[in-house]
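S.K.: What follows is protein.txt; its format and atoms are compact mmCIF, C-alpha atoms.
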# COMPACT_ATOMS: atom_id res chain seq x y z
CA MET A 263 -40.54 -19.67 93.88
CA MET A 264 -40.82 -23.40 94.32
CA PRO A 265 -41.42 -24.61 97.87
CA SER A 266 -38.40 -26.52 99.09
CA ALA A 267 -40.65 -29.35 100.19
CA ASP A 268 -41.29 -30.37 96.60
CA LEU A 269 -37.64 -30.53 95.66
CA LEU A 270 -36.32 -32.15 98.81
CA SER A 271 -39.08 -34.74 98.97
CA ARG A 272 -37.65 -36.14 95.74
CA LEU A 273 -34.17 -36.40 97.23
CA ILE A 274 -34.82 -37.70 100.75
CA PRO A 275 -36.87 -40.56 102.24
CA ALA A 276 -40.60 -39.94 102.64
CA ASP A 277 -40.55 -40.34 106.43
CA THR A 278 -37.74 -37.80 106.71
CA ALA A 279 -39.66 -35.35 104.53
CA THR A 280 -42.71 -35.77 106.75
CA GLN A 281 -40.61 -35.11 109.85
CA ILE A 282 -39.06 -32.00 108.31
CA ASN A 283 -42.41 -30.70 107.12
CA ALA A 284 -43.75 -30.92 110.68
CA THR A 285 -40.93 -28.69 111.95
CA GLY A 286 -41.65 -25.83 109.54
CA LEU A 287 -38.13 -25.97 108.13
CA PHE A 288 -39.33 -26.18 104.53
CA GLU A 289 -41.07 -22.84 104.92
CA ARG A 290 -37.94 -21.32 106.47
CA LEU A 291 -35.83 -22.58 103.55
CA ASP A 292 -38.17 -20.60 101.28
CA ALA A 293 -37.93 -17.41 103.37
CA THR A 294 -37.32 -14.11 101.63
CA ASP A 295 -34.02 -13.41 103.39
CA ALA A 296 -30.76 -15.33 103.17
CA VAL A 297 -30.07 -15.26 106.92
CA THR A 298 -33.27 -17.19 107.66
CA ARG A 299 -32.61 -19.66 104.84
CA LEU A 300 -29.10 -20.41 106.07
CA ALA A 301 -30.30 -20.79 109.67
CA ALA A 302 -32.94 -23.24 108.44
CA LEU A 303 -30.25 -25.24 106.64
CA ALA A 304 -28.17 -25.41 109.81
CA ASP A 305 -31.21 -26.69 111.74
CA LEU A 306 -32.02 -29.17 108.98
CA LEU A 307 -28.63 -30.86 108.77
CA PRO A 308 -28.96 -33.00 111.95
CA ILE A 309 -32.16 -34.49 110.51
CA LEU A 310 -30.75 -35.38 107.10
CA ARG A 311 -28.55 -38.25 106.08
CA LEU A 312 -26.31 -36.83 103.36
CA PRO A 313 -25.01 -39.26 100.72
CA GLU A 314 -21.34 -39.88 100.13
CA PRO A 315 -20.21 -37.40 97.44
CA ASN A 316 -19.39 -38.93 94.07
CA PRO A 317 -16.00 -37.59 92.90
CA LYS A 318 -17.23 -37.61 89.31
CA TYR A 319 -20.30 -35.48 89.95
CA ILE A 320 -19.64 -31.78 89.33
CA ASN A 321 -21.82 -28.98 88.00
CA ASN A 322 -20.50 -25.45 87.47
CA HIS A 323 -23.57 -23.96 85.76
CA ILE A 324 -26.44 -23.85 88.26
CA HIS A 325 -28.78 -20.84 88.21
CA THR A 326 -30.54 -19.56 91.32
CA ALA A 327 -33.49 -17.29 92.05
CA TYR A 328 -31.11 -14.35 91.62
CA SER A 329 -31.63 -14.84 87.89
CA PHE A 330 -34.27 -17.38 86.83
CA SER A 331 -34.59 -20.58 88.82
CA PRO A 332 -36.84 -22.11 91.48
CA TYR A 333 -33.83 -22.52 93.77
CA THR A 334 -32.43 -20.06 96.28
CA PRO A 335 -28.64 -20.35 96.68
CA THR A 336 -29.18 -22.28 99.94
CA VAL A 337 -31.58 -24.76 98.35
CA ALA A 338 -29.39 -25.08 95.24
CA ALA A 339 -26.40 -26.04 97.39
CA LEU A 340 -28.51 -28.47 99.43
CA ALA A 341 -30.00 -30.08 96.32
CA ALA A 342 -26.53 -30.47 94.84
CA ARG A 343 -25.23 -32.12 98.01
CA LEU A 344 -28.26 -34.42 98.33
CA SER A 345 -27.79 -35.39 94.67
CA GLY A 346 -24.27 -36.61 95.46
CA LEU A 347 -22.28 -33.80 93.87
CA CYS A 348 -18.76 -33.35 95.21
CA THR A 349 -18.66 -29.69 94.06
CA ALA A 350 -21.20 -27.20 92.72
CA GLY A 351 -21.11 -23.80 91.03
CA ILE A 352 -23.56 -20.99 90.33
CA VAL A 353 -23.53 -18.55 87.40
CA ASP A 354 -26.55 -16.28 87.52
CA HIS A 355 -27.34 -13.94 84.64
CA ASP A 356 -26.07 -10.39 85.18
CA SER A 357 -25.90 -10.90 88.96
CA ILE A 358 -23.59 -12.45 91.49
CA ALA A 359 -25.74 -11.37 94.46
CA GLY A 360 -26.33 -14.99 95.51
CA ALA A 361 -22.63 -15.78 95.88
CA ASP A 362 -22.19 -15.10 99.60
CA GLU A 363 -25.23 -17.20 100.50
CA PHE A 364 -24.08 -20.02 98.24
CA ILE A 365 -20.59 -19.99 99.74
CA ALA A 366 -22.04 -20.05 103.26
CA ALA A 367 -24.41 -22.89 102.40
CA GLY A 368 -21.54 -24.83 100.87
CA ALA A 369 -19.54 -24.42 104.07
CA LEU A 370 -22.43 -25.77 106.17
CA LEU A 371 -22.79 -28.74 103.83
CA ASP A 372 -19.05 -29.38 103.50
CA LEU A 373 -19.55 -28.84 99.77
CA PRO A 374 -16.76 -27.01 97.91
CA VAL A 375 -18.31 -24.41 95.62
CA THR A 376 -17.40 -22.10 92.78
CA ILE A 377 -19.08 -18.85 91.78
CA GLY A 378 -19.38 -16.80 88.63
CA ILE A 379 -21.71 -14.73 86.50
CA GLU A 380 -23.17 -15.28 83.03
CA ALA A 381 -23.69 -12.39 80.63
CA ARG A 382 -24.59 -11.51 77.06
CA ILE A 383 -21.54 -10.05 75.36
CA SER A 384 -21.56 -7.85 72.24
CA MET A 385 -19.23 -9.07 69.50
CA ARG A 386 -18.90 -5.61 67.95
CA GLY A 387 -15.35 -5.04 66.78
CA THR A 388 -14.90 -8.69 65.81
CA PRO A 389 -15.74 -10.67 62.64
CA PHE A 390 -18.84 -11.93 64.51
CA ALA A 391 -20.57 -8.57 64.95
CA GLU A 392 -23.43 -9.68 62.67
CA ARG A 393 -23.13 -13.46 62.92
CA ARG A 394 -24.77 -16.03 65.15
CA THR A 395 -22.72 -17.78 67.78
CA ASN A 396 -24.45 -19.35 70.81
CA ASN A 397 -27.42 -17.00 71.21
CA PRO A 398 -30.77 -18.31 69.89
CA ASP A 399 -32.34 -14.85 69.93
CA GLN A 400 -29.82 -12.41 68.52
CA LEU A 401 -26.96 -12.13 66.03
CA GLY A 402 -23.73 -10.56 67.21
CA VAL A 403 -24.30 -11.26 70.91
CA SER A 404 -22.73 -14.24 72.69
CA TYR A 405 -23.30 -15.84 76.08
CA MET A 406 -20.13 -15.90 78.16
CA VAL A 407 -19.31 -16.74 81.74
CA LEU A 408 -17.00 -15.03 84.21
CA HIS A 409 -15.85 -18.10 86.13
CA ALA A 410 -14.03 -18.37 89.46
CA VAL A 411 -14.58 -14.84 90.73
CA PRO A 412 -12.32 -14.38 93.79
CA HIS A 413 -14.59 -13.98 96.80
CA ALA A 414 -13.21 -10.60 97.81
CA ARG A 415 -14.18 -9.19 94.39
CA VAL A 416 -17.84 -10.26 94.51
CA PRO A 417 -19.14 -6.84 95.65
CA TYR A 418 -17.20 -5.11 92.88
CA VAL A 419 -18.56 -7.43 90.17
CA GLN A 420 -22.11 -7.06 91.51
CA ASP A 421 -21.85 -3.26 91.41
CA PHE A 422 -20.25 -3.38 87.96
CA PHE A 423 -23.33 -5.08 86.52
CA ALA A 424 -25.87 -2.83 88.30
CA PRO A 425 -26.27 -0.33 85.43
CA LEU A 426 -26.53 -3.21 82.95
CA ARG A 427 -29.37 -4.72 84.98
CA ALA A 428 -31.15 -1.34 85.01
CA ARG A 429 -30.82 -0.98 81.23
CA ARG A 430 -32.02 -4.54 80.74
CA ASN A 431 -35.13 -3.74 82.76
CA ARG A 432 -36.02 -0.92 80.39
CA ARG A 433 -35.85 -3.46 77.56
CA ASN A 434 -37.84 -5.94 79.66
CA GLN A 435 -40.63 -3.40 80.09
CA ALA A 436 -40.74 -2.79 76.34
CA MET A 437 -40.99 -6.55 75.70
CA LEU A 438 -43.77 -6.84 78.27
CA ALA A 439 -45.71 -4.22 76.32
CA ILE A 440 -45.41 -6.42 73.22
CA ILE A 441 -46.69 -9.42 75.20
CA ASN A 442 -49.69 -7.39 76.28
CA ARG A 443 -50.45 -6.35 72.68
CA LEU A 444 -50.10 -9.88 71.36
CA CYS A 445 -52.03 -11.61 74.13
CA GLY A 446 -54.57 -8.99 75.11
CA TYR A 447 -53.46 -8.73 78.76
CA ASP A 448 -52.58 -5.80 81.01
CA LEU A 449 -49.50 -7.24 82.72
CA ASN A 450 -47.63 -4.65 84.76
CA PHE A 451 -43.86 -4.84 85.24
CA GLU A 452 -43.82 -3.68 88.88
CA ARG A 453 -46.91 -5.64 89.91
CA ASP A 454 -46.62 -8.88 87.90
CA VAL A 455 -42.95 -9.35 86.98
CA LEU A 456 -40.67 -7.88 89.65
CA PRO A 457 -42.21 -9.96 92.49
CA LEU A 458 -41.22 -13.11 90.56
CA SER A 459 -37.56 -12.09 90.80
CA LEU A 460 -35.07 -11.07 93.48
CA ALA A 461 -34.42 -7.75 91.76
CA ASP A 462 -34.91 -5.91 95.05
CA LYS A 463 -31.96 -7.88 96.44
CA GLY A 464 -29.66 -7.45 93.45
CA GLY A 465 -31.00 -10.19 91.23
CA SER A 466 -31.69 -9.83 87.52
CA VAL A 467 -34.94 -9.95 85.56
CA THR A 468 -34.84 -12.13 82.44
CA GLU A 469 -37.15 -12.86 79.52
CA ARG A 470 -38.23 -15.99 81.39
CA HIS A 471 -39.67 -13.82 84.17
CA LEU A 472 -41.84 -12.05 81.59
CA LEU A 473 -43.02 -15.40 80.28
CA GLN A 474 -43.64 -16.65 83.82
CA ALA A 475 -45.89 -13.65 84.45
CA LEU A 476 -47.74 -14.51 81.23
CA ALA A 477 -48.04 -18.17 82.25
CA ARG A 478 -49.55 -17.15 85.58
CA ARG A 479 -52.04 -14.85 83.90
CA GLU A 480 -53.05 -17.65 81.52
CA ASP A 481 -53.63 -20.07 84.38
CA PRO A 482 -52.97 -18.97 87.97
CA HIS A 483 -53.77 -22.45 89.28
CA ARG A 484 -50.90 -24.36 87.63
CA ASP A 485 -48.54 -26.04 90.04
CA HIS A 486 -44.96 -24.82 89.83
CA ARG A 487 -43.73 -27.72 87.68
CA ALA A 488 -46.46 -27.16 85.11
CA GLU A 489 -45.73 -23.45 85.24
CA TYR A 490 -42.05 -23.98 84.47
CA ARG A 491 -42.96 -26.33 81.62
CA ARG A 492 -45.23 -23.62 80.22
CA VAL A 493 -42.44 -21.06 80.48
CA GLY A 494 -40.24 -23.41 78.43
CA GLU A 495 -42.96 -23.74 75.78
CA LEU A 496 -43.42 -19.98 75.60
CA LYS A 497 -39.66 -19.42 75.31
CA LYS A 498 -39.52 -21.85 72.43
CA ASN A 499 -42.59 -20.57 70.57
CA LEU A 500 -43.18 -16.92 71.56
CA ILE A 501 -39.81 -15.37 72.26
CA GLU A 502 -39.10 -14.65 68.58
CA GLN A 503 -42.23 -12.46 68.43
CA ILE A 504 -41.48 -10.39 71.53
CA TYR A 505 -37.70 -10.22 71.66
CA ILE A 506 -36.07 -6.79 71.46
CA PRO A 507 -32.33 -6.96 70.67
CA ALA A 508 -29.98 -6.24 73.55
CA THR A 509 -27.76 -3.20 72.96
CA ASP A 510 -26.58 -0.98 75.80
CA ASP A 511 -27.24 -3.68 78.40
CA CYS A 512 -24.38 -5.78 76.95
CA LEU A 513 -20.69 -5.45 77.62
CA ARG A 514 -18.43 -5.53 74.58
CA LEU A 515 -16.04 -8.48 74.36
CA ASP A 516 -12.97 -6.44 75.23
CA GLU A 517 -14.79 -4.88 78.21
CA PHE A 518 -15.71 -8.34 79.47
CA VAL A 519 -12.12 -9.57 79.22
CA ALA A 520 -10.85 -6.39 80.87
CA LEU A 521 -13.24 -6.96 83.78
CA ALA A 522 -11.96 -10.52 84.12
CA ARG A 523 -8.38 -9.28 84.25
CA GLU A 524 -9.24 -6.58 86.75
CA VAL A 525 -10.88 -8.93 89.24
CA GLY A 526 -8.74 -11.99 88.51
CA ALA A 527 -11.52 -14.20 87.14
CA ILE A 528 -11.59 -16.52 84.11
CA PRO A 529 -13.48 -15.36 80.99
CA ALA A 530 -15.07 -18.33 79.23
CA TYR A 531 -17.10 -18.77 76.07
CA ALA A 532 -20.19 -20.98 76.53
CA TYR A 533 -20.22 -23.46 73.64
CA LEU A 534 -23.73 -24.47 72.59
CA GLY A 535 -23.40 -26.31 69.26
CA ASP A 536 -26.06 -26.82 66.63
CA VAL A 537 -29.34 -28.05 68.13
CA THR A 538 -31.35 -30.80 66.46
CA LEU A 539 -33.23 -32.01 69.55
CA SER A 540 -33.40 -29.70 72.57
CA VAL A 541 -32.59 -31.59 75.74
CA THR A 542 -34.43 -29.00 77.85
CA GLY A 543 -37.31 -28.54 75.41
CA ASP A 544 -36.98 -24.75 75.22
CA LYS A 545 -34.85 -24.43 72.08
CA ARG A 546 -35.89 -24.75 68.46
CA THR A 547 -33.97 -26.82 65.94
CA GLN A 548 -31.34 -24.27 64.95
CA THR A 549 -27.75 -23.92 63.77
CA PHE A 550 -25.33 -22.04 65.98
CA GLU A 551 -21.53 -21.82 65.95
CA ASP A 552 -20.52 -25.23 64.58
CA ALA A 553 -19.98 -24.00 61.00
CA CYS A 554 -17.52 -21.34 62.16
CA LEU A 555 -16.17 -22.80 65.39
CA ASP A 556 -12.48 -22.75 64.40
CA GLU A 557 -12.64 -19.07 63.43
CA LEU A 558 -14.75 -18.15 66.45
CA LEU A 559 -12.50 -19.72 69.06
CA SER A 560 -9.40 -18.29 67.39
CA THR A 561 -11.00 -14.83 67.46
CA LEU A 562 -11.89 -15.21 71.13
CA VAL A 563 -8.32 -16.22 71.97
CA GLU A 564 -7.02 -13.14 70.14
CA HIS A 565 -9.25 -10.99 72.36
CA GLY A 566 -8.09 -12.64 75.59
CA VAL A 567 -10.70 -15.31 76.29
CA ARG A 568 -8.94 -18.20 78.02
CA ALA A 569 -11.58 -20.92 78.52
CA VAL A 570 -14.56 -22.68 76.98
CA THR A 571 -17.42 -24.04 79.06
CA TYR A 572 -19.70 -26.68 77.60
CA MET A 573 -22.50 -29.06 78.59
CA PRO A 574 -21.70 -32.69 77.73
CA THR A 575 -25.28 -33.97 77.89
CA ARG A 576 -26.46 -31.45 75.30
CA ASN A 577 -23.89 -32.30 72.64
CA THR A 578 -23.18 -35.26 70.40
CA ASP A 579 -19.93 -37.16 70.74
CA ALA A 580 -18.78 -35.61 67.46
CA GLN A 581 -19.45 -32.10 68.75
CA LEU A 582 -17.66 -32.81 72.01
CA GLN A 583 -14.68 -34.35 70.28
CA ARG A 584 -14.34 -31.33 68.00
CA VAL A 585 -14.65 -28.63 70.66
CA ARG A 586 -12.29 -30.49 72.99
CA SER A 587 -9.74 -30.90 70.21
CA LEU A 588 -9.90 -27.19 69.39
CA CYS A 589 -9.51 -26.27 73.05
CA THR A 590 -6.36 -28.37 73.22
CA LYS A 591 -5.03 -26.82 70.01
CA LEU A 592 -5.71 -23.26 71.18
CA ASN A 593 -4.59 -23.82 74.79
CA LEU A 594 -8.07 -23.08 76.15
CA THR A 595 -9.06 -24.39 79.56
CA GLN A 596 -12.14 -26.64 79.45
CA ILE A 597 -14.88 -26.06 82.03
CA SER A 598 -18.18 -27.84 82.24
CA GLY A 599 -21.61 -27.81 83.85
CA GLU A 600 -25.26 -28.29 82.92
CA ASP A 601 -27.64 -25.33 82.82
CA ILE A 602 -30.00 -25.86 85.80
CA ASN A 603 -32.96 -23.49 85.97
CA SER A 604 -36.15 -25.56 86.27
CA PRO A 605 -37.55 -28.00 88.85
CA GLU A 606 -37.51 -31.09 86.65
CA GLN A 607 -33.81 -31.04 85.78
CA SER A 608 -31.34 -33.32 87.53
CA PHE A 609 -28.28 -31.79 89.17
CA VAL A 610 -26.27 -34.88 88.20
CA ILE A 611 -24.39 -35.03 84.89
CA GLU A 612 -24.35 -38.77 84.27
CA LYS A 613 -22.06 -38.31 81.29
CA MET A 614 -19.26 -37.44 83.72
CA HIS A 615 -18.78 -41.19 84.18
CA ASP A 616 -17.02 -41.09 80.80
CA PRO A 617 -13.29 -41.29 81.65
CA ARG A 618 -12.52 -39.05 78.66
CA LEU A 619 -14.09 -36.15 80.59
CA ALA A 620 -11.87 -36.47 83.65
CA ASN A 621 -10.12 -33.20 82.75
CA LEU A 622 -13.39 -31.38 83.50
CA ILE A 623 -13.21 -32.60 87.09
CA ASP A 624 -9.62 -31.38 87.39
CA SER A 625 -10.50 -27.95 86.02
CA THR A 626 -13.38 -27.63 88.50
CA TRP A 627 -11.04 -28.10 91.44
CA SER A 628 -8.72 -25.54 89.86
CA LEU A 629 -11.58 -23.02 89.74
CA ILE A 630 -12.25 -23.58 93.43
CA ALA A 631 -8.56 -23.24 94.32
CA HIS A 632 -8.31 -20.05 92.29
CA GLU A 633 -11.27 -18.44 94.04
CA ARG A 634 -9.71 -19.24 97.39
CA GLY A 635 -6.38 -17.71 96.39
CA GLY A 636 -4.67 -20.80 95.00
CA ALA A 637 -2.83 -21.10 91.71
CA ILE A 638 -4.85 -20.76 88.51
CA SER A 639 -4.57 -23.54 85.97
CA ALA A 640 -5.85 -21.70 82.89
CA PRO A 641 -2.93 -21.85 80.41
CA GLY A 642 -1.54 -18.48 79.48
CA TRP A 643 -3.70 -16.59 81.96
CA THR A 644 -2.02 -14.16 84.33
CA HIS A 645 -3.71 -13.44 87.66
CA VAL A 646 -3.78 -9.68 88.03
For this file, write the structure as structure tokens.

M.R.:
Amino acid sequence: MMPSADLLSRLIPADTATQINATGLFERLDATDAVTRLAALADLLPILRLPEPNPKYINNHIHTAYSFSPYTPTVAALAARLSGLCTAGIVDHDSIAGADEFIAAGALLDLPVTIGIEARISMRGTPFAERRTNNPDQLGVSYMVLHAVPHARVPYVQDFFAPLRARRNRRNQAMLAIINRLCGYDLNFERDVLPLSLADKGGSVTERHLLQALARREDPHRDHRAEYRRVGELKKNLIEQIYIPATDDCLRLDEFVALAREVGAIPAYAYLGDVTLSVTGDKRTQTFEDACLDELLSTLVEHGVRAVTYMPTRNTDAQLQRVRSLCTKLNLTQISGEDINSPEQSFVIEKMHDPRLANLIDSTWSLIAHERGGAISAPGWTHV
């Protein structure tokens, strides 16, 4: 996990960073328990000068150490606030265990937050059961997000995904065995992979954790930024050789929508779009759902999906114009955020200065209101 000192020293004045470092607060922000991290944040706030929030800066797709990220929920919230965000949201893979800490950190920082969970969803039973959508690694499986989970339902959602995390770990161990065969190492799941995650606290273990263990075995002396860059390279170049298709660790589409209805959250498809140049450097040039986008979104609507989330910086203007037009046509709520999971990514989405994207700011505030018991703005969606 990245020391907080590295991140915060890029967001605060050097003399302030020196002062904080002398107090030991950076170490406390990186503590293994959330109570200590939140107490450190409370002690840190009188030392910091927080910037005025920019009403155009939102990000609903931040990952934390509860899936794969250098940021604990406390540090993620602090980094968002120091970056000038007016709201922030987390969506960890297969886990929402960081939600309570993130909500508490947001309250300390006077930062409105939204919470959710990202998952791989099987498209069995639809025309896309054997077709590629937004998943670089597997046909017939799509990334989707359960947005705006009401806070009282967080424990239920976390428990709901527990057996899926356990099944995923069996697949993770099988993929680690392939890494060992290909690379000639003896990496051990319990010894080398699990300590890189927060699995013991309800977090998930992803393919990136396996690649991080490999990166550390290759060169244990890399600093954390170089290590994360190496993980991105391995994901781009090695994942195809080690990947085992997800099966029983995926919900089916109708199960995912049923869960959303049960807890009163918003099921959203994560639009990726064809990739020619990967903004994050960890994706190959590849075609995704653009050739079948009309059919795909119509199918999702038929199955009860009520929103699309997308990342403006990663798409061309033509891609954005098309997906936005289809969302309007199909009465789909538009949600946005940039996938944050490495130390060199900015929390700020500069493209949000485009006045055409103002609806994404409105929908973010609607997510927050919904979580807190306010009215939901997703057209056609009934809060159960």

S.K.: So that I can check the surroundings of Phe423 of chain A, please list as a VMD selection string every protein, DNA and RNA residue that reaches within 9 Å of it, counting only C-alpha atoms and ignoring chain neighbours fewer than 4 positions away.

M.R.: chain A and resid 356 to 358 418 to 419 427 to 428

S.K.: Would you save the residues from that selection as a compact mmCIF listing (two decimals), in the frame of the given file, using C-alpha atoms?

M.R.:
# COMPACT_ATOMS: atom_id res chain seq x y z
CA ASP A 356 -26.07 -10.39 85.18
CA SER A 357 -25.90 -10.90 88.96
CA ILE A 358 -23.59 -12.45 91.49
CA TYR A 418 -17.20 -5.11 92.88
CA VAL A 419 -18.56 -7.43 90.17
CA ARG A 427 -29.37 -4.72 84.98
CA ALA A 428 -31.15 -1.34 85.01

S.K.: Measure the distance from atom CA of Arg478 of chain A to atom CA of Tyr447 of chain A in Å and round it to one decimal.

M.R.: 11.5 Å

S.K.: If we count all atoms listed in the file and set the cut-off at 8 Å, which residues sit around segment 457-472 of chain A, ignoring sequence neighbours fewer than 5 positions away in its own chain? Please answer as a PyMOL selection string.

M.R.: chain A and resi 263+327-330+355-360+420+424+427+430-431+434+438+452+493+497

S.K.: With only C-alpha atoms as the basis for distance, which of A:Ala475, A:Ile352, A:Ser587, A:Pro617 is at the shortest distance from Glu600 of chain A?

M.R.: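 Residue with the minimum atom-to-atom distance to Glu600 of chain A: A:Ile352.
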
S.K.: Using all atoms listed in the file, which of A:Ala381, A:Ile602, A:Leu340, A:Ala488 sits nearest Ala304 of chain A?

M.R.: A:Leu340

S.K.: Provide the atom CA of Leu582 of chain A to atom CA of Gly535 of chain A distance in Å, to one decimal place.

M.R.: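 These two atoms are separated by 9.1 Å.
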
S.K.: Between atom CA of Leu303 of chain A and atom CA of Leu347 of chain A, what is the spacing in Å?

M.R.: 17.3 Å

S.K.: Counting all atoms listed in the file, which of A:Phe609, A:Asp616, A:Tyr572, A:Met437 gets nearest to Arg343 of chain A?

M.R.: A:Phe609

S.K.: Rank A:Ser331, A:Thr285, A:Asn316, A:Thr336 by their smallest atom-to-atom distance to Arg299 of chain A, using only C-alpha atoms, and report the top residue only.

M.R.: A:Thr336

S.K.: Need the shell around Leu269 of chain A: protein/DNA/RNA residues with any atom at most 12 Å away, counting only C-alpha atoms. Skip same-chain ones fewer than 3 positions apart. Format as a PDB file with C-alpha atoms, keeping the file's coordinate frame?

M.R.:
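Below is the file that was written, out-v3.pdb:
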ATOM      1  CA  MET A 263     -40.540 -19.670  93.880  1.00  0.00           C
ATOM      2  CA  MET A 264     -40.820 -23.400  94.320  1.00  0.00           C
ATOM      3  CA  PRO A 265     -41.420 -24.610  97.870  1.00  0.00           C
ATOM      4  CA  SER A 266     -38.400 -26.520  99.090  1.00  0.00           C
ATOM      5  CA  ARG A 272     -37.650 -36.140  95.740  1.00  0.00           C
ATOM      6  CA  LEU A 273     -34.170 -36.400  97.230  1.00  0.00           C
ATOM      7  CA  ILE A 274     -34.820 -37.700 100.750  1.00  0.00           C
ATOM      8  CA  ALA A 279     -39.660 -35.350 104.530  1.00  0.00           C
ATOM      9  CA  PHE A 288     -39.330 -26.180 104.530  1.00  0.00           C
ATOM     10  CA  LEU A 291     -35.830 -22.580 103.550  1.00  0.00           C
ATOM     11  CA  ASP A 292     -38.170 -20.600 101.280  1.00  0.00           C
ATOM     12  CA  PRO A 332     -36.840 -22.110  91.480  1.00  0.00           C
ATOM     13  CA  TYR A 333     -33.830 -22.520  93.770  1.00  0.00           C
ATOM     14  CA  THR A 334     -32.430 -20.060  96.280  1.00  0.00           C
ATOM     15  CA  VAL A 337     -31.580 -24.760  98.350  1.00  0.00           C
ATOM     16  CA  ALA A 338     -29.390 -25.080  95.240  1.00  0.00           C
ATOM     17  CA  LEU A 340     -28.510 -28.470  99.430  1.00  0.00           C
ATOM     18  CA  ALA A 341     -30.000 -30.080  96.320  1.00  0.00           C
ATOM     19  CA  ALA A 342     -26.530 -30.470  94.840  1.00  0.00           C
ATOM     20  CA  LEU A 344     -28.260 -34.420  98.330  1.00  0.00           C
ATOM     21  CA  SER A 345     -27.790 -35.390  94.670  1.00  0.00           C
ATOM     22  CA  HIS A 486     -44.960 -24.820  89.830  1.00  0.00           C
ATOM     23  CA  ARG A 487     -43.730 -27.720  87.680  1.00  0.00           C
ATOM     24  CA  SER A 604     -36.150 -25.560  86.270  1.00  0.00           C
ATOM     25  CA  PRO A 605     -37.550 -28.000  88.850  1.00  0.00           C
ATOM     26  CA  GLU A 606     -37.510 -31.090  86.650  1.00  0.00           C
ATOM     27  CA  GLN A 607     -33.810 -31.040  85.780  1.00  0.00           C
ATOM     28  CA  SER A 608     -31.340 -33.320  87.530  1.00  0.00           C
ATOM     29  CA  PHE A 609     -28.280 -31.790  89.170  1.00  0.00           C
TER      30      PHE A 609
END

S.K.: Using all atoms listed in the file, which residue out of A:Asp601, A:Glu517, A:Asp421, A:Asp399 lies closest to Ala350 of chain A?

M.R.: A:Asp601

S.K.: So that I can check the surroundings of Gly346 of chain A, please list as a ChimeraX atom specification every protein, DNA and RNA residue that reaches within 9 Å of it, counting only C-alpha atoms and ignoring chain neighbours fewer than 6 positions away.

M.R.: /A:312-317,319,609-610

S.K.: Looking at only C-alpha atoms, which of A:Val353, A:Val537, A:Val563, A:Ala296 is the one that sits closest to Ile324 of chain A?

M.R.: A:Val353

S.K.: Starting from the point (-11.9, -14.2, 99.7), work out which residues of protein, DNA or RNA have an atom no more than 10 Å away when counting only C-alpha atoms; state them as a list in words.

M.R.: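 Every residue inside that radius is included here: Val411, Pro412, His413, Ala414, Arg415, Val416, Glu633, Arg634 and Gly635 of chain A.
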
S.K.: Counting all atoms listed in the file, what is within 9 Å of Pro507 of chain A, bar same-chain residues fewer than 4 positions away, as a PyMOL selection string?

M.R.: chain A and resi 399-401+433

S.K.: Save the residues we just selected, C-alpha atoms, as a PDB file, in the frame of the given file?

M.R.:
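Saved file again.pdb follows:
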ATOM      1  CA  ASP A 399     -32.340 -14.850  69.930  1.00  0.00           C
ATOM      2  CA  GLN A 400     -29.820 -12.410  68.520  1.00  0.00           C
ATOM      3  CA  LEU A 401     -26.960 -12.130  66.030  1.00  0.00           C
ATOM      4  CA  ARG A 433     -35.850  -3.460  77.560  1.00  0.00           C
TER       5      ARG A 433
END

S.K.: Given the point (-25.5, -32.4, 76.0) in the file's coordinates, find the residues that have an atom at most 10 Å from it, counting all atoms listed in the file, and give them as a compact mmCIF listing (two decimals) with C-alpha atoms, keeping the file's coordinate frame.

M.R.:
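Wrote it out as result-v9.txt, contents follow:
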# COMPACT_ATOMS: atom_id res chain seq x y z
CA LEU A 534 -23.73 -24.47 72.59
CA GLY A 535 -23.40 -26.31 69.26
CA VAL A 537 -29.34 -28.05 68.13
CA SER A 540 -33.40 -29.70 72.57
CA VAL A 541 -32.59 -31.59 75.74
CA THR A 542 -34.43 -29.00 77.85
CA TYR A 572 -19.70 -26.68 77.60
CA MET A 573 -22.50 -29.06 78.59
CA PRO A 574 -21.70 -32.69 77.73
CA THR A 575 -25.28 -33.97 77.89
CA ARG A 576 -26.46 -31.45 75.30
CA ASN A 577 -23.89 -32.30 72.64
CA THR A 578 -23.18 -35.26 70.40
CA ASP A 579 -19.93 -37.16 70.74
CA GLN A 581 -19.45 -32.10 68.75
CA LEU A 582 -17.66 -32.81 72.01
CA GLY A 599 -21.61 -27.81 83.85
CA GLU A 600 -25.26 -28.29 82.92
CA ILE A 611 -24.39 -35.03 84.89
CA LYS A 613 -22.06 -38.31 81.29

S.K.: May I have the centre and edge lengths, in Å to one decimal, of an axis-aligned box around the listed atoms of segment 561-577 of chain A with 8 Å added to every side, as lines of an AutoDock Vina configuration file?

M.R.:
center_x = -16.7
center_y = -22.5
center_z = 73.3
size_x = 35.4
size_y = 39.0
size_z = 27.6
